[in-house]
file my_file09.txt (compact mmCIF, C-alpha atoms)
# COMPACT_ATOMS: atom_id res chain seq x y z
CA MET A 1 4.81 32.77 -4.16
CA ALA A 2 2.91 30.85 -6.81
CA ASP A 3 2.71 27.10 -6.47
CA GLU A 4 4.91 25.18 -8.86
CA VAL A 5 3.45 21.79 -9.65
CA VAL A 6 5.04 19.28 -12.01
CA LEU A 7 3.76 15.79 -12.80
CA LEU A 8 6.15 13.13 -14.12
CA ASP A 9 3.92 10.60 -15.84
CA PHE A 10 3.42 8.10 -18.67
CA TRP A 11 0.20 8.69 -20.55
CA PRO A 12 -1.30 5.13 -20.46
CA SER A 13 -0.42 4.62 -16.77
CA MET A 14 -3.50 3.89 -14.65
CA PHE A 15 -1.67 5.24 -11.62
CA GLY A 16 -0.77 8.44 -13.44
CA MET A 17 -4.41 8.84 -14.45
CA ARG A 18 -5.46 8.86 -10.78
CA VAL A 19 -3.21 11.83 -10.12
CA ARG A 20 -4.34 13.67 -13.26
CA ILE A 21 -7.97 13.28 -12.19
CA ALA A 22 -7.23 14.47 -8.65
CA LEU A 23 -5.41 17.57 -9.92
CA ALA A 24 -8.28 18.29 -12.34
CA GLU A 25 -10.90 17.89 -9.60
CA LYS A 26 -9.03 20.47 -7.52
CA GLY A 27 -8.43 22.81 -10.44
CA VAL A 28 -4.66 22.76 -9.90
CA LYS A 29 -2.51 24.11 -12.72
CA TYR A 30 0.50 21.92 -13.39
CA GLU A 31 3.20 21.10 -15.89
CA TYR A 32 2.88 17.60 -17.36
CA LYS A 33 6.14 15.87 -18.24
CA GLU A 34 5.95 12.68 -20.28
CA GLU A 35 8.52 10.06 -19.29
CA ASP A 36 10.02 7.52 -21.64
CA LEU A 37 10.10 4.52 -19.35
CA LYS A 38 12.80 2.86 -21.48
CA ASN A 39 14.96 5.94 -21.04
CA LYS A 40 14.12 7.49 -17.68
CA SER A 41 14.99 11.15 -17.22
CA PRO A 42 17.63 12.29 -14.71
CA LEU A 43 14.80 14.24 -13.04
CA LEU A 44 12.76 11.07 -12.45
CA LEU A 45 15.76 9.18 -11.10
CA GLN A 46 16.57 12.09 -8.81
CA MET A 47 12.98 12.57 -7.59
CA ASN A 48 12.16 8.89 -7.10
CA PRO A 49 15.48 7.14 -6.44
CA VAL A 50 13.83 4.34 -4.46
CA HIS A 51 11.38 3.05 -7.08
CA LYS A 52 12.34 5.02 -10.22
CA LYS A 53 8.67 4.96 -11.21
CA ILE A 54 5.96 7.34 -12.29
CA PRO A 55 3.78 9.08 -11.28
CA VAL A 56 5.81 11.59 -9.28
CA LEU A 57 4.29 14.88 -8.19
CA ILE A 58 6.86 17.62 -7.67
CA HIS A 59 5.39 20.46 -5.61
CA ASN A 60 7.63 23.47 -5.19
CA GLY A 61 10.63 21.25 -5.86
CA ARG A 62 9.70 18.48 -3.42
CA PRO A 63 8.71 15.04 -4.74
CA VAL A 64 5.74 12.94 -3.66
CA CYS A 65 5.66 9.34 -4.93
CA GLU A 66 3.13 6.47 -5.11
CA SER A 67 -0.26 7.35 -6.60
CA SER A 68 -2.37 6.69 -3.48
CA ILE A 69 -0.01 8.83 -1.41
CA ILE A 70 0.05 11.59 -4.05
CA VAL A 71 -3.77 11.73 -4.22
CA GLN A 72 -4.04 12.02 -0.43
CA TYR A 73 -1.36 14.72 -0.48
CA ILE A 74 -3.29 16.65 -3.14
CA ASP A 75 -6.45 16.33 -1.03
CA GLU A 76 -4.66 17.67 2.06
CA VAL A 77 -2.86 20.58 0.37
CA TRP A 78 -5.74 21.84 -1.79
CA LYS A 79 -8.30 21.21 0.90
CA ASP A 80 -10.67 24.06 0.15
CA LYS A 81 -12.15 22.51 -2.97
CA ALA A 82 -13.69 19.16 -3.98
CA PRO A 83 -12.77 16.96 -0.99
CA LEU A 84 -11.65 13.58 -2.29
CA LEU A 85 -11.68 11.62 0.96
CA PRO A 86 -14.71 11.60 3.27
CA SER A 87 -14.44 13.49 6.55
CA ASP A 88 -15.53 10.63 8.83
CA PRO A 89 -12.60 8.41 9.98
CA TYR A 90 -14.51 5.14 9.45
CA GLN A 91 -15.54 6.15 5.91
CA ARG A 92 -11.95 7.23 5.23
CA ALA A 93 -10.73 3.83 6.43
CA GLN A 94 -13.19 2.13 4.09
CA ALA A 95 -12.00 4.23 1.12
CA ARG A 96 -8.35 3.43 1.91
CA PHE A 97 -9.12 -0.27 2.37
CA TRP A 98 -10.80 -0.51 -1.05
CA VAL A 99 -8.09 1.46 -2.86
CA ASP A 100 -5.58 -0.94 -1.32
CA PHE A 101 -7.82 -3.83 -2.51
CA ILE A 102 -7.76 -2.44 -6.06
CA ASP A 103 -3.95 -2.25 -5.96
CA LYS A 104 -3.57 -5.75 -4.48
CA LYS A 105 -6.28 -7.62 -6.38
CA MET A 106 -6.96 -5.81 -9.60
CA TYR A 107 -3.73 -4.30 -10.89
CA ASP A 108 -1.80 -7.54 -11.55
CA ALA A 109 -4.86 -9.28 -12.95
CA SER A 110 -5.58 -6.29 -15.17
CA THR A 111 -1.99 -6.20 -16.48
CA LYS A 112 -2.10 -9.93 -17.20
CA THR A 113 -5.28 -9.58 -19.27
CA TRP A 114 -3.34 -7.24 -21.57
CA THR A 115 -0.02 -9.09 -21.59
CA THR A 116 -0.89 -12.79 -21.72
CA LYS A 117 -3.03 -15.11 -23.78
CA GLY A 118 -4.85 -18.43 -23.62
CA GLU A 119 -5.36 -20.03 -20.23
CA GLU A 120 -3.26 -17.47 -18.35
CA GLN A 121 -5.32 -14.64 -19.80
CA GLU A 122 -8.59 -16.39 -18.97
CA ALA A 123 -7.47 -16.88 -15.37
CA ALA A 124 -6.49 -13.20 -15.14
CA LYS A 125 -9.83 -12.08 -16.57
CA LYS A 126 -11.66 -14.25 -14.04
CA GLU A 127 -9.64 -12.77 -11.17
CA PHE A 128 -10.19 -9.23 -12.44
CA PHE A 129 -13.93 -9.63 -12.76
CA GLU A 130 -14.30 -11.35 -9.39
CA ALA A 131 -12.60 -8.36 -7.77
CA LEU A 132 -14.84 -6.04 -9.77
CA LYS A 133 -17.95 -7.85 -8.53
CA THR A 134 -16.74 -7.48 -4.94
CA LEU A 135 -16.30 -3.76 -5.51
CA GLU A 136 -19.67 -3.44 -7.17
CA GLY A 137 -21.13 -4.74 -3.91
CA GLN A 138 -19.62 -1.71 -2.20
CA LEU A 139 -21.17 0.67 -4.67
CA GLY A 140 -24.70 -0.49 -3.97
CA ASP A 141 -27.23 2.07 -5.16
CA LYS A 142 -25.03 5.11 -4.61
CA PRO A 143 -24.14 7.25 -7.63
CA PHE A 144 -20.45 7.10 -6.69
CA PHE A 145 -18.34 5.06 -4.26
CA GLY A 146 -17.93 8.29 -2.35
CA GLY A 147 -21.72 8.62 -2.02
CA ASP A 148 -23.29 11.60 -3.72
CA ASN A 149 -19.88 12.96 -4.57
CA PHE A 150 -17.09 11.60 -6.72
CA GLY A 151 -14.06 10.80 -4.58
CA TYR A 152 -10.85 8.91 -3.81
CA LEU A 153 -12.15 5.40 -4.45
CA ASP A 154 -13.93 6.46 -7.66
CA LEU A 155 -10.82 8.06 -9.14
CA SER A 156 -8.65 5.13 -8.11
CA LEU A 157 -10.89 2.64 -9.91
CA ILE A 158 -12.02 4.48 -13.06
CA PRO A 159 -8.67 4.08 -14.92
CA PHE A 160 -9.36 0.34 -14.95
CA TYR A 161 -12.38 0.88 -17.16
CA TYR A 162 -10.19 0.32 -20.22
CA THR A 163 -9.59 -3.25 -19.10
CA TYR A 164 -13.26 -3.69 -18.43
CA GLU A 165 -14.26 -2.22 -21.78
CA THR A 166 -11.81 -4.31 -23.76
CA PHE A 167 -12.09 -7.66 -22.07
CA GLY A 168 -15.36 -7.68 -20.31
CA LYS A 169 -18.03 -6.06 -22.38
CA SER A 170 -19.87 -9.14 -23.44
CA SER A 171 -19.48 -11.29 -20.36
CA VAL A 172 -19.69 -8.59 -17.75
CA GLU A 173 -22.33 -6.18 -18.96
CA ALA A 174 -25.03 -8.45 -17.67
CA GLU A 175 -23.19 -9.33 -14.48
CA CYS A 176 -22.05 -5.87 -13.33
CA PRO A 177 -24.78 -3.46 -14.44
CA LYS A 178 -24.15 -1.08 -11.54
CA PHE A 179 -20.49 -0.85 -12.44
CA LYS A 180 -21.37 -0.14 -16.06
CA ALA A 181 -23.71 2.69 -14.97
CA TRP A 182 -21.03 4.07 -12.64
CA VAL A 183 -18.46 4.10 -15.48
CA LYS A 184 -20.87 6.07 -17.65
CA ARG A 185 -21.47 8.57 -14.83
CA CYS A 186 -17.73 9.05 -14.30
CA LEU A 187 -16.95 9.50 -17.98
CA GLN A 188 -19.51 12.29 -18.13
CA ARG A 189 -17.46 14.38 -15.71
CA GLU A 190 -15.36 17.03 -17.41
CA THR A 191 -12.42 16.39 -15.10
CA ILE A 192 -12.29 12.73 -16.10
CA ALA A 193 -12.74 13.45 -19.80
CA LYS A 194 -9.74 15.81 -19.59
CA ALA A 195 -7.53 13.45 -17.60
CA LEU A 196 -8.13 10.14 -19.36
CA PRO A 197 -6.55 9.35 -22.73
CA ASP A 198 -8.66 8.43 -25.71
CA GLU A 199 -9.82 4.81 -25.65
CA LYS A 200 -8.59 4.15 -29.19
CA LYS A 201 -5.08 5.38 -28.29
CA VAL A 202 -4.98 3.07 -25.27
CA LEU A 203 -6.05 0.09 -27.38
CA GLU A 204 -3.41 0.90 -30.00
CA HIS A 205 -0.76 1.10 -27.29
CA ALA A 206 -1.86 -2.23 -25.80
CA SER A 207 -1.88 -3.80 -29.25
CA GLY A 208 1.69 -2.66 -29.77
CA MET A 209 2.64 -4.06 -26.38
CA ARG A 210 1.13 -7.43 -27.23
CA LYS A 211 2.97 -7.51 -30.57
CA ASN A 212 6.24 -6.82 -28.75
CA LEU A 213 5.49 -9.68 -26.42
CA VAL A 214 4.81 -11.79 -29.53
CA LEU A 215 1.29 -12.53 -28.43
CA GLU A 216 -0.36 -11.86 -31.78
CA MET B 1 -17.22 -4.32 27.82
CA ALA B 2 -14.55 -2.45 25.90
CA GLU B 3 -15.73 -0.74 22.75
CA VAL B 4 -12.44 -1.54 21.06
CA LYS B 5 -11.56 -5.11 20.13
CA LEU B 6 -8.48 -6.28 18.28
CA LEU B 7 -8.49 -9.63 16.49
CA LYS B 8 -4.88 -10.78 16.35
CA THR B 9 -2.35 -13.57 16.78
CA TRP B 10 0.57 -13.54 19.23
CA SER B 11 3.20 -13.65 16.48
CA SER B 12 1.83 -11.39 13.74
CA HIS B 13 3.97 -8.29 13.29
CA PHE B 14 1.09 -6.62 11.45
CA ALA B 15 -1.09 -7.01 14.56
CA LEU B 16 1.77 -5.79 16.73
CA ARG B 17 1.74 -2.45 14.90
CA VAL B 18 -1.85 -1.95 15.97
CA VAL B 19 -1.10 -2.95 19.59
CA TRP B 20 1.73 -0.39 19.64
CA ALA B 21 -0.51 2.36 18.24
CA LEU B 22 -3.33 1.71 20.71
CA LYS B 23 -0.92 1.58 23.65
CA LEU B 24 0.91 4.77 22.63
CA LYS B 25 -2.46 6.53 22.65
CA GLY B 26 -3.55 4.91 25.90
CA VAL B 27 -6.63 3.33 24.29
CA GLN B 28 -8.19 0.46 26.24
CA PHE B 29 -8.91 -2.57 24.11
CA ASP B 30 -9.77 -6.26 24.28
CA SER B 31 -7.42 -8.65 22.51
CA ILE B 32 -8.98 -11.63 20.79
CA GLU B 33 -6.45 -14.31 19.90
CA GLU B 34 -7.27 -16.03 16.62
CA ASP B 35 -6.28 -19.52 15.58
CA LEU B 36 -5.60 -19.06 11.87
CA SER B 37 -5.99 -22.78 11.20
CA ASN B 38 -9.51 -22.52 12.61
CA LYS B 39 -10.78 -19.00 11.95
CA SER B 40 -13.56 -17.76 14.20
CA PRO B 41 -16.99 -16.75 12.86
CA LEU B 42 -16.18 -13.28 14.24
CA LEU B 43 -13.10 -12.98 12.03
CA LEU B 44 -14.92 -14.27 8.96
CA GLN B 45 -17.75 -11.83 9.65
CA HIS B 46 -15.51 -8.81 10.21
CA ASN B 47 -13.00 -9.43 7.41
CA PRO B 48 -14.87 -11.33 4.71
CA VAL B 49 -12.59 -10.00 1.96
CA TYR B 50 -9.24 -11.33 3.22
CA LYS B 51 -10.17 -13.37 6.34
CA LYS B 52 -6.93 -12.13 7.94
CA ILE B 53 -5.80 -10.45 11.12
CA PRO B 54 -5.37 -7.81 12.43
CA VAL B 55 -8.94 -6.52 12.48
CA LEU B 56 -9.91 -3.61 14.69
CA VAL B 57 -13.54 -3.54 15.78
CA HIS B 58 -14.60 -0.15 17.13
CA ASN B 59 -18.20 0.28 18.28
CA GLY B 60 -19.12 -2.78 16.26
CA ARG B 61 -17.53 -1.59 12.99
CA ALA B 62 -14.55 -3.43 11.57
CA ILE B 63 -11.41 -2.02 9.96
CA SER B 64 -8.84 -4.29 8.29
CA GLU B 65 -5.29 -3.91 6.90
CA SER B 66 -2.78 -2.75 9.52
CA LEU B 67 -1.73 0.52 7.87
CA VAL B 68 -5.37 1.48 7.25
CA ILE B 69 -6.07 0.64 10.92
CA LEU B 70 -3.16 2.82 12.05
CA GLU B 71 -4.50 5.84 10.17
CA TYR B 72 -8.00 5.20 11.57
CA ILE B 73 -6.59 5.05 15.11
CA ASP B 74 -4.65 8.28 14.54
CA GLU B 75 -7.76 10.09 13.27
CA THR B 76 -10.04 8.78 16.02
CA TRP B 77 -7.82 9.23 19.09
CA LYS B 78 -5.94 12.53 18.88
CA GLN B 79 -3.48 12.08 21.75
CA TYR B 80 0.08 11.12 20.74
CA PRO B 81 -0.29 11.91 17.01
CA LEU B 82 1.32 9.25 14.82
CA LEU B 83 1.35 11.27 11.61
CA PRO B 84 2.77 14.81 11.45
CA ASP B 85 0.56 17.81 10.62
CA ASP B 86 2.41 18.92 7.51
CA PRO B 87 1.06 17.25 4.31
CA TYR B 88 4.53 16.76 2.82
CA GLU B 89 5.86 15.09 5.97
CA ARG B 90 2.70 12.96 6.10
CA ALA B 91 3.34 11.84 2.52
CA ARG B 92 6.90 10.91 3.47
CA ALA B 93 5.76 8.88 6.48
CA ARG B 94 3.22 7.05 4.31
CA PHE B 95 5.90 6.42 1.67
CA TRP B 96 8.24 4.69 4.13
CA ALA B 97 5.40 2.67 5.66
CA LYS B 98 4.46 1.42 2.18
CA PHE B 99 8.15 0.76 1.44
CA SER B 100 8.25 -1.49 4.50
CA ASP B 101 5.44 -3.70 3.22
CA ASP B 102 6.06 -3.51 -0.53
CA LYS B 103 9.84 -3.90 -0.49
CA VAL B 104 11.52 -4.56 2.84
CA PHE B 105 9.32 -7.41 4.02
CA PRO B 106 9.44 -9.40 0.74
CA SER B 107 13.22 -8.96 0.58
CA ILE B 108 13.78 -10.21 4.13
CA TRP B 109 11.31 -13.04 3.52
CA GLY B 110 13.42 -13.86 0.48
CA VAL B 111 16.56 -14.43 2.53
CA PHE B 112 14.63 -16.10 5.34
CA ILE B 113 13.34 -18.95 3.18
CA LYS B 114 16.54 -19.55 1.22
CA GLN B 115 20.10 -20.71 1.78
CA GLY B 116 23.41 -20.93 -0.06
CA LYS B 117 23.82 -19.15 -3.37
CA GLU B 118 20.09 -18.33 -3.68
CA GLN B 119 20.18 -16.61 -0.31
CA GLU B 120 23.33 -14.71 -1.23
CA GLU B 121 21.55 -13.31 -4.29
CA ALA B 122 18.49 -12.40 -2.24
CA PHE B 123 20.70 -10.45 0.16
CA ALA B 124 21.45 -7.89 -2.56
CA GLN B 125 17.84 -6.70 -2.36
CA VAL B 126 17.94 -6.49 1.45
CA PHE B 127 21.16 -4.50 1.23
CA GLU B 128 19.65 -2.05 -1.24
CA ASN B 129 16.55 -1.55 0.90
CA PHE B 130 18.61 -0.93 4.03
CA SER B 131 20.67 1.63 2.10
CA PHE B 132 17.51 3.62 1.40
CA LEU B 133 16.49 3.44 5.07
CA GLU B 134 19.98 4.49 6.16
CA GLU B 135 19.76 7.55 3.88
CA GLU B 136 16.32 8.50 5.24
CA LEU B 137 17.55 8.37 8.85
CA LYS B 138 20.28 10.98 8.29
CA GLY B 139 19.89 13.67 10.94
CA LYS B 140 17.04 11.80 12.63
CA LYS B 141 16.74 9.57 15.68
CA PHE B 142 13.52 7.97 14.48
CA PHE B 143 11.72 8.04 11.12
CA GLY B 144 9.21 10.25 12.93
CA GLY B 145 11.93 12.62 14.14
CA GLU B 146 12.48 12.98 17.88
CA LYS B 147 9.64 10.60 18.75
CA ILE B 148 8.42 7.42 17.13
CA GLY B 149 5.56 7.82 14.65
CA TYR B 150 3.62 6.10 11.90
CA ALA B 151 6.64 5.11 9.82
CA ASP B 152 8.49 3.76 12.87
CA LEU B 153 5.50 1.59 13.78
CA ALA B 154 5.29 0.35 10.19
CA LEU B 155 9.02 -0.46 9.99
CA GLY B 156 9.36 -1.53 13.63
CA TRP B 157 8.96 -5.24 12.84
CA ILE B 158 12.51 -5.10 11.45
CA ALA B 159 13.90 -4.07 14.84
CA GLU B 160 11.77 -6.66 16.50
CA ARG B 161 12.60 -9.62 14.21
CA VAL B 162 16.27 -9.06 13.46
CA PHE B 163 17.38 -10.77 16.68
CA GLU B 164 15.22 -13.84 16.15
CA LEU B 165 16.50 -14.07 12.57
CA GLU B 166 20.11 -13.92 13.76
CA GLU B 167 19.46 -16.66 16.29
CA ILE B 168 18.24 -19.01 13.58
CA GLY B 169 21.27 -18.21 11.47
CA VAL B 170 19.97 -15.46 9.17
CA LYS B 171 21.96 -12.30 9.74
CA VAL B 172 20.29 -9.51 7.78
CA ILE B 173 22.13 -6.42 8.96
CA GLU B 174 25.68 -5.45 9.86
CA LYS B 175 26.13 -2.54 12.29
CA GLU B 176 29.24 -1.24 10.47
CA LYS B 177 27.44 -1.03 7.15
CA PHE B 178 24.20 0.47 8.51
CA PRO B 179 25.03 2.40 11.69
CA LEU B 180 21.93 4.62 11.59
CA VAL B 181 19.46 1.78 10.99
CA SER B 182 21.18 -0.25 13.72
CA ALA B 183 20.97 2.66 16.17
CA TRP B 184 17.32 3.22 15.22
CA MET B 185 16.53 -0.45 15.94
CA GLN B 186 18.07 -0.20 19.40
CA GLU B 187 16.34 3.09 20.27
CA PHE B 188 13.00 1.81 18.96
CA LEU B 189 13.11 -1.27 21.16
CA LYS B 190 13.90 0.90 24.20
CA VAL B 191 10.62 2.82 23.95
CA PRO B 192 8.58 1.49 26.92
CA VAL B 193 5.34 0.77 25.03
CA ILE B 194 7.31 -1.11 22.38
CA LYS B 195 9.46 -3.02 24.83
CA GLU B 196 6.57 -4.21 26.97
CA SER B 197 4.54 -5.49 24.00
CA LEU B 198 7.09 -7.71 22.27
CA PRO B 199 6.07 -11.32 21.63
CA PRO B 200 7.81 -14.00 23.74
CA HIS B 201 11.31 -14.35 22.28
CA GLU B 202 11.91 -18.10 22.63
CA LYS B 203 8.44 -18.98 21.37
CA LEU B 204 9.01 -16.75 18.32
CA VAL B 205 12.46 -18.21 17.60
CA THR B 206 11.02 -21.73 17.70
CA LYS B 207 8.18 -20.77 15.40
CA MET B 208 10.45 -18.99 12.91
CA ARG B 209 12.95 -21.83 12.90
CA GLY B 210 10.11 -24.21 12.08
CA ILE B 211 8.91 -22.06 9.19
CA ARG B 212 12.39 -21.72 7.72
CA GLU B 213 13.01 -25.46 7.94
CA LYS B 214 9.72 -26.11 6.23
CA TYR B 215 10.66 -23.89 3.27
CA LEU B 216 14.18 -25.20 3.00
CA GLY B 217 12.88 -28.76 3.17
CA ALA B 218 10.34 -28.08 0.44
CA ALA B 219 12.99 -26.53 -1.81
CA HIS B 220 15.42 -29.38 -1.37
CA PRO B 221 13.40 -32.51 -0.60
CA LYS B 222 15.49 -35.40 0.64
call {"tool": "encode", "arguments": {"input": "my_file09.txt", "output": "structure tokens"}}
result
Amino acid sequence: MADEVVLLDFWPSMFGMRVRIALAEKGVKYEYKEEDLKNKSPLLLQMNPVHKKIPVLIHNGRPVCESSIIVQYIDEVWKDKAPLLPSDPYQRAQARFWVDFIDKKMYDASTKTWTTKGEEQEAAKKEFFEALKTLEGQLGDKPFFGGDNFGYLDLSLIPFYYTYETFGKSSVEAECPKFKAWVKRCLQRETIAKALPDEKKVLEHASGMRKNLVLE
Amino acid sequence: MAEVKLLKTWSSHFALRVVWALKLKGVQFDSIEEDLSNKSPLLLQHNPVYKKIPVLVHNGRAISESLVILEYIDETWKQYPLLPDDPYERARARFWAKFSDDKVFPSIWGVFIKQGKEQEEAFAQVFENFSFLEEELKGKKFFGGEKIGYADLALGWIAERVFELEEIGVKVIEKEKFPLVSAWMQEFLKVPVIKESLPPHEKLVTKMRGIREKYLGAAHPK
């Protein structure tokens, strides 16, 4: 029986991007279904009744929710290719710790840089870049957070590069040179190029969001 | 000297999860009680990012965040597996563990620190969360099936705290409305490893009462 894989997603979602990258890394064929978050489909509400959020991976009819959980699921099911998590338990714990750090410390700050202005925005930018600096410390001189190979922590962080590109270029380039180099390395991967939306589109979307929030 | 150390406090339910996991697997460990108002150099060294407990130190290497620690423990000591083998069931267990921390805890905290109309409104969220748990328990004794597992350890604080909450006047669950969750709580607390590791009841009640009064006092200063 062939695997049936469906992804319920919203194209600018950073969490959705993680799943798209993971599926691309593993070479999994899937059906992408775009959700209108203002008018959620019956399928989404049925597959994720608890949170009613994307991304949702539906594998042979069974839903998996929450991006970090979906990525680990993908790694465990399609285990014969491109391992995303390291094999050593301590290294795995480190990867999980830092993905959790990204979700706790960077997501809200990142969202606020796009959706606020003035002092609030400046505070959010500061928080975002402080977290980024902490992460950069983890990267050290390795090509990827996963070491020689691109992995779970790399794919969880790379979707935030839009925030970095838009709000940080001038102030951060000097301060986080390793991060900048890592971003470039990631964007050169075919799997990432396929999974991430065009930068211009993301900026247009954010611009529209800000107009709706009457920020500009 | 034990190669496994656990930095914890007597009342933290996050630390308790780790105690439960280590005991279920029969892993010997040294407990190091932390005073959070005066954090030890060891804690600051081993968890520089958050400076919080629990922290597991195994052969000199530190792991922080209770759910991350639980997975580490499960992968390092194979006896009494906490997570199932099947990837889909593993994803489900992880989902409910995350639900505990992302949704259930904040909702119960919400009713814990409020009273009157504000508390009544906060109860709606608790009710909704318990409804999801009730649904998940259909046909199961524990979230892990016949035996307690990862999700039970993650959600177990509910079973453990509900009685203290009731004693200080915050009743979060009614047996008639949530028979499966109520039965799960009772069965969970009967498991020997769980039962023998619970924090001292009176001490916990006193502490919780103090915290609640502090929040209520701050909200409505005299």
call {"tool": "interface_residues", "arguments": {"input": "my_file09.txt", "of": "chain B", "to": "chain A", "cutoff": "7 Å", "atoms": "only C-alpha atoms", "output": "VMD selection string"}}
result
chain B and resid 63 65 68 72 75 to 76 87 91 94 132
call {"tool": "closest_residue", "arguments": {"input": "my_file09.txt", "among": "B:Glu146, B:Glu213, B:Glu167, B:Glu3", "to": "Ser31 (chain B)", "atoms": "all atoms listed in the file"}}
result
B:Glu3
call {"tool": "axis_aligned_box", "arguments": {"input": "my_file09.txt", "around": "region 116-127 of chain B", "padding_each_side": "5 Å", "output": "AutoDock Vina command-line options"}}
result
--center_x 20.8 --center_y -12.7 --center_z -1.4 --size_x 16.0 --size_y 26.4 --size_z 15.7
call {"tool": "residues_near_point", "arguments": {"input": "my_file09.txt", "point": "(-12.6, 15.9, -1.3)", "cutoff": "9 Å", "atoms": "all atoms listed in the file", "output": "list in words"}}
result
Glu25, Lys26, Asp75, Glu76, Lys79, Asp80, Lys81, Ala82, Pro83, Leu84, Leu85, Pro86, Ser87, Asn149, Phe150, Gly151 and Tyr152 of chain A
call {"tool": "atom_distance", "arguments": {"input": "my_file09.txt", "atom1": "CA of Glu196 (chain B)", "atom2": "CA of Asp30 (chain B)"}}
result
16.7 Å
call {"tool": "decode", "arguments": {"input": "my_file09.txt", "residues": "region 80-93 of chain A", "atoms": "N, CA, C and O atoms", "output": "CSV table (one decimal), in the first residue's frame"}}
result
chain,number,residue,atom,x,y,z
A,80,ASP,N,15.3,5.7,7.0
A,80,ASP,CA,16.4,5.2,6.3
A,80,ASP,C,17.1,6.3,5.5
A,80,ASP,O,18.1,6.0,4.8
A,81,LYS,N,16.6,7.5,5.5
A,81,LYS,CA,17.3,8.5,4.8
A,81,LYS,C,17.4,9.8,5.6
A,81,LYS,O,16.6,10.1,6.4
A,82,ALA,N,18.5,10.5,5.4
A,82,ALA,CA,18.7,11.9,6.0
A,82,ALA,C,18.3,12.0,7.4
A,82,ALA,O,17.3,12.7,7.7
A,83,PRO,N,18.9,11.3,8.4
A,83,PRO,CA,18.5,11.4,9.8
A,83,PRO,C,18.5,12.9,10.2
A,83,PRO,O,19.5,13.6,10.0
A,84,LEU,N,17.4,13.3,10.9
A,84,LEU,CA,17.3,14.7,11.3
A,84,LEU,C,17.8,14.9,12.7
A,84,LEU,O,18.4,15.9,13.0
A,85,LEU,N,17.5,13.9,13.6
A,85,LEU,CA,18.0,14.0,14.9
A,85,LEU,C,19.3,13.2,15.0
A,85,LEU,O,19.4,12.2,14.4
A,86,PRO,N,20.2,13.6,15.9
A,86,PRO,CA,21.5,12.8,16.1
A,86,PRO,C,21.1,11.5,16.7
A,86,PRO,O,20.0,11.3,17.3
A,87,SER,N,22.1,10.5,16.7
A,87,SER,CA,21.7,9.2,17.3
A,87,SER,C,22.1,9.1,18.8
A,87,SER,O,21.5,8.4,19.5
A,88,ASP,N,23.0,10.0,19.3
A,88,ASP,CA,23.4,10.0,20.7
A,88,ASP,C,22.3,10.7,21.5
A,88,ASP,O,21.9,11.8,21.2
A,89,PRO,N,21.9,10.0,22.6
A,89,PRO,CA,20.8,10.6,23.5
A,89,PRO,C,21.1,12.0,24.0
A,89,PRO,O,20.3,12.8,24.1
A,90,TYR,N,22.4,12.2,24.4
A,90,TYR,CA,22.7,13.6,24.9
A,90,TYR,C,22.6,14.6,23.8
A,90,TYR,O,22.1,15.7,24.1
A,91,GLN,N,23.1,14.3,22.6
A,91,GLN,CA,23.0,15.2,21.5
A,91,GLN,C,21.5,15.5,21.1
A,91,GLN,O,21.2,16.6,20.8
A,92,ARG,N,20.7,14.4,21.2
A,92,ARG,CA,19.3,14.5,20.9
A,92,ARG,C,18.7,15.5,21.9
A,92,ARG,O,17.8,16.3,21.6
A,93,ALA,N,19.1,15.3,23.2
A,93,ALA,CA,18.5,16.2,24.2
A,93,ALA,C,18.9,17.6,24.0
A,93,ALA,O,18.1,18.5,24.2
